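This report concerns only the one structure given below.
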Amino acid sequence: MKSSVIIFPGSNCDRDMDVALKKFGFKNQMVWHNDQSIPKSDLIVLPGGFSYGDYLRCGSIASKSKIIKSVIDFANSGGLVLGICNGFQILTETGLLPGILQQNKYLNFICKNVFVKVKDKQNKYFKNIKKEILELHIAHNEGNYFCSEDEIKSLEDNNQIAVTYCNENGNDDDENNPNGAIKNIAGILNDKKNVLGMMPHPERMIDKYLSGEDGSLFFENLIGNLK
Amino acid sequence: MKIKVVVTLKNGVLDPQGKAIQQTLNGMSFSNVDDVRQGKFFEINVNENDEAKAKSQVEEMCKKLLANLVIEDYKIL
């Protein structure tokens with residue numbers, strides 16, 4: 001399985017993602033934002049970081065970069081595109097995913113482990129995953145997911161909410177909402193479910209001695225679903 | 001020609017920075033301030049002599065980049 005990680009100026013989770021993808025069997029290649037095309041891939045990843053210094057709005061400048069047209073074409077033809085953190089912000093700015101990530105409700109940068117509940121398994125990312133509740137890491141200032149009432153209804157009706165913030169027992173209520181996101185949304189899918197954007201970083205949870213292993217479950221499961 | 005644009009959050013969209021500024025103003029004895037909305041201001045120099053043309057180009061810029069219409073409104077001054 002081949003994957004491509006796009007690097008923007010200011011990306012900083014690109015190499016962590018590269019390590020994670022390779023650890024679980026992807027043949028990964030790094031692609032520079034100024035390139036015109038993406039090598040043949042089964043998965044494209046937009047990594048976390050602060051692309052273009054978060055100027056204007058997080059992800060807005062990256063969403064107009066040279067490489068993005070190829071990413072959008074790839075997604076529109078059914079290819080898997082995964083955006084983590086800043087990658088999620090970029091996906092909303094391109095219009096591949098609805099809504100936007102606003103500044104956290106209490107204006108603080110949040111950097112901690114959280115639990116997320118898997119809400120939909122009818123997709124390549126979470127199908128067959130062994131746990132319902134995953135412990136992952138978040139680190140963001142703009143993770144407060146917002147969209148219109150019509151959009152939230154359509155996300156719910158089509159089961160496009162992928163993961164929600166919760167506690168270790170799976171309660172995804174206000175008390176377990178770190179950033180004010182509507183419906184505790186931590187990640188969403190597009191209507192065809194080939195594009196996933198999420199704020200938590202699975203690539204940071206792939207080593208039991210350093211952090212945790214729920215990210216390993218995510219990547220193992222993903223490559224398993226692609227084979 | 002210089003075109004000026006203001007981008008603000010739409011009514012009803014939570015503006016935590018505006019809220020913090022309002023509370024600070026209240027604490028500074030500006031007690032009659034009951035709402036603050038923070039926005040962005042752009043001055044765009046367009047090489048164009050026809051004002052209507054320049055403004056219509058800036059309008060395109062607003063829609064495509066300067067504002068995110070999910071949460072923001074723009075006003076060309």
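Starting from 1 in every chain, residues are counted up; chains themselves are A, B, ... following the order of the structure tokens, and ligands are numbered from 1 as listed.
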Compile a residue-level contact table for chain B against chain A at a cut-off of 8 Å, reporting for every qualifying residue the shortest atom pair and its distance in Å to one decimal, with only C-alpha atoms counted, rows ordered by chain and ascending number, as JSON lines.
{"residue": "B:Pro16", "atom": "CA", "partner": "A:Lys105", "partner_atom": "CA", "distance": 6.4}
{"residue": "B:Gln17", "atom": "CA", "partner": "A:Leu107", "partner_atom": "CA", "distance": 7.4}
{"residue": "B:Leu65", "atom": "CA", "partner": "A:Ser60", "partner_atom": "CA", "distance": 7.1}
{"residue": "B:Leu66", "atom": "CA", "partner": "A:Leu56", "partner_atom": "CA", "distance": 7.3}
{"residue": "B:Asn68", "atom": "CA", "partner": "A:Glu93", "partner_atom": "CA", "distance": 7.8}
{"residue": "B:Val70", "atom": "CA", "partner": "A:Gly99", "partner_atom": "CA", "distance": 6.4}
{"residue": "B:Ile71", "atom": "CA", "partner": "A:Ile100", "partner_atom": "CA", "distance": 7.9}
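In the backbone-derived DSSP annotation, alpha helix (DSSP H) within chain B comprises Pro16, Gln17, Gly18, Lys19, Ala20, Ile21, Gln22, Gln23, Thr24, Leu25, Asn26, Gly27, Glu51, Ala52, Lys53, Ala54, Lys55, Ser56, Gln57, Val58, Glu59, Glu60 and Met61 of chain B.
Residues in contact with His201 of chain A at 10 Å, where only C-alpha atoms are counted and same-chain residues fewer than 3 positions away are skipped, are listed as Cys13, Asp16, Met17, Pro47, Gly48, Gly83, Ile84, Cys85, Asn113, Glu135, Leu136, His137, Ile138, Ala139, Met198, Arg204, Met205 and Gly215 of chain A.
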Atom CA of Asp18 of chain A and atom CA of Leu46 of chain A, how far apart in Å?
11.2 Å
Name all residues at most 9 Å from Leu9 of chain B (count only C-alpha atoms; drop same-chain ones fewer than 5 positions away) and give them as JSON, numbers by chain.
{"B": [14, 15, 37, 38, 39, 71, 72, 73, 74]}
What's around Tyr165 of chain A at 7 Å? Count only C-alpha atoms, leave out sequence neighbours fewer than 4 positions away in its own chain, and write the answer as an NGL selection string.
:A and (115-117 or 172 or 176-177 or 184-186)
Between atom CA of Ser216 of chain A and atom CA of Leu91 of chain A lies a distance of 23.4 Å
Selection near Val19 of chain A, 12 Å with only C-alpha atoms, sequence-local residues under 6 positions removed, as a ChimeraX atom specification
/A:3,5,13,25-30,202-207,216,219
Prev. selection, N, CA and C atoms, output as an mmCIF file, in the first residue's frame:
data_model
loop_
_atom_site.group_PDB
_atom_site.id
_atom_site.type_symbol
_atom_site.label_atom_id
_atom_site.label_comp_id
_atom_site.auth_asym_id
_atom_site.auth_seq_id
_atom_site.Cartn_x
_atom_site.Cartn_y
_atom_site.Cartn_z
ATOM 1 N N SER A 3 1.367 5.389 0.349
ATOM 2 C CA SER A 3 0.776 6.602 0.905
ATOM 3 C C SER A 3 1.654 7.794 0.573
ATOM 4 N N VAL A 5 2.434 11.785 2.095
ATOM 5 C CA VAL A 5 2.203 12.833 3.092
ATOM 6 C C VAL A 5 2.605 14.164 2.448
ATOM 7 N N CYS A 13 3.966 17.719 11.828
ATOM 8 C CA CYS A 13 3.679 16.333 12.202
ATOM 9 C C CYS A 13 3.916 15.416 11.014
ATOM 10 N N GLY A 25 3.297 -0.592 7.662
ATOM 11 C CA GLY A 25 3.387 -1.268 6.366
ATOM 12 C C GLY A 25 3.138 -0.429 5.140
ATOM 13 N N PHE A 26 2.854 0.855 5.298
ATOM 14 C CA PHE A 26 2.689 1.685 4.102
ATOM 15 C C PHE A 26 4.062 1.987 3.501
ATOM 16 N N LYS A 27 4.086 2.024 2.171
ATOM 17 C CA LYS A 27 5.274 2.521 1.485
ATOM 18 C C LYS A 27 5.013 4.023 1.300
ATOM 19 N N ASN A 28 5.601 4.816 2.193
ATOM 20 C CA ASN A 28 5.229 6.239 2.212
ATOM 21 C C ASN A 28 6.226 7.121 1.470
ATOM 22 N N GLN A 29 5.685 8.146 0.844
ATOM 23 C CA GLN A 29 6.535 9.142 0.193
ATOM 24 C C GLN A 29 6.097 10.535 0.645
ATOM 25 N N MET A 30 7.071 11.443 0.731
ATOM 26 C CA MET A 30 6.775 12.808 1.145
ATOM 27 C C MET A 30 6.629 13.665 -0.118
ATOM 28 N N PRO A 202 -3.510 10.272 15.773
ATOM 29 C CA PRO A 202 -3.198 8.848 15.989
ATOM 30 C C PRO A 202 -1.710 8.563 15.872
ATOM 31 N N GLU A 203 -0.995 9.365 15.059
ATOM 32 C CA GLU A 203 0.439 9.108 14.847
ATOM 33 C C GLU A 203 1.265 9.345 16.106
ATOM 34 N N ARG A 204 0.660 9.948 17.120
ATOM 35 C CA ARG A 204 1.393 10.179 18.369
ATOM 36 C C ARG A 204 1.185 9.048 19.376
ATOM 37 N N MET A 205 0.376 8.052 19.014
ATOM 38 C CA MET A 205 0.056 6.979 19.955
ATOM 39 C C MET A 205 0.381 5.630 19.321
ATOM 40 N N ILE A 206 1.643 5.467 18.938
ATOM 41 C CA ILE A 206 2.004 4.227 18.248
ATOM 42 C C ILE A 206 3.144 3.503 18.956
ATOM 43 N N ASP A 207 3.395 3.859 20.199
ATOM 44 C CA ASP A 207 4.506 3.223 20.904
ATOM 45 C C ASP A 207 4.163 3.126 22.389
ATOM 46 N N SER A 216 -1.869 2.900 17.094
ATOM 47 C CA SER A 216 -1.469 1.692 16.361
ATOM 48 C C SER A 216 -2.692 0.947 15.842
ATOM 49 N N PHE A 219 -3.929 2.658 12.650
ATOM 50 C CA PHE A 219 -3.157 2.435 11.423
ATOM 51 C C PHE A 219 -3.198 0.967 10.984
#
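Residues lying within 7 Å of Ile44 of chain B, counting only C-alpha atoms and ignoring same-chain neighbours fewer than 3 positions away, are B:Lys2, B:Ile3, B:Lys4.
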Generate the output file for the selected residues, all heavy atoms, as a tab-separated table (two decimals), in the first residue's frame.
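Listed below is the output, result_3.tsv:
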chain	number	residue	atom	x	y	z
B	2	LYS	N	-6.95	51.57	-4.19
B	2	LYS	CA	-6.95	50.86	-2.92
B	2	LYS	C	-8.39	50.53	-2.51
B	2	LYS	O	-9.23	51.43	-2.42
B	2	LYS	CB	-6.29	51.74	-1.87
B	2	LYS	CG	-5.69	50.96	-0.73
B	2	LYS	CD	-4.89	51.86	0.19
B	2	LYS	CE	-3.40	51.82	-0.13
B	2	LYS	NZ	-2.62	52.68	0.76
B	3	ILE	N	-8.64	49.25	-2.29
B	3	ILE	CA	-9.99	48.84	-1.87
B	3	ILE	C	-9.88	48.31	-0.43
B	3	ILE	O	-8.98	47.54	-0.12
B	3	ILE	CB	-10.56	47.72	-2.77
B	3	ILE	CG1	-10.48	48.11	-4.25
B	3	ILE	CG2	-11.97	47.35	-2.37
B	3	ILE	CD1	-11.45	49.16	-4.70
B	4	LYS	N	-10.80	48.75	0.40
B	4	LYS	CA	-10.78	48.34	1.80
B	4	LYS	C	-11.90	47.33	2.09
B	4	LYS	O	-13.02	47.52	1.61
B	4	LYS	CB	-10.93	49.57	2.71
B	4	LYS	CG	-9.74	50.51	2.57
B	4	LYS	CD	-9.94	51.80	3.33
B	4	LYS	CE	-8.71	52.69	3.13
B	4	LYS	NZ	-8.86	53.99	3.78
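Atom CA of Gln89 of chain A is positioned 14.5 Å from atom CA of Ile7 of chain A.
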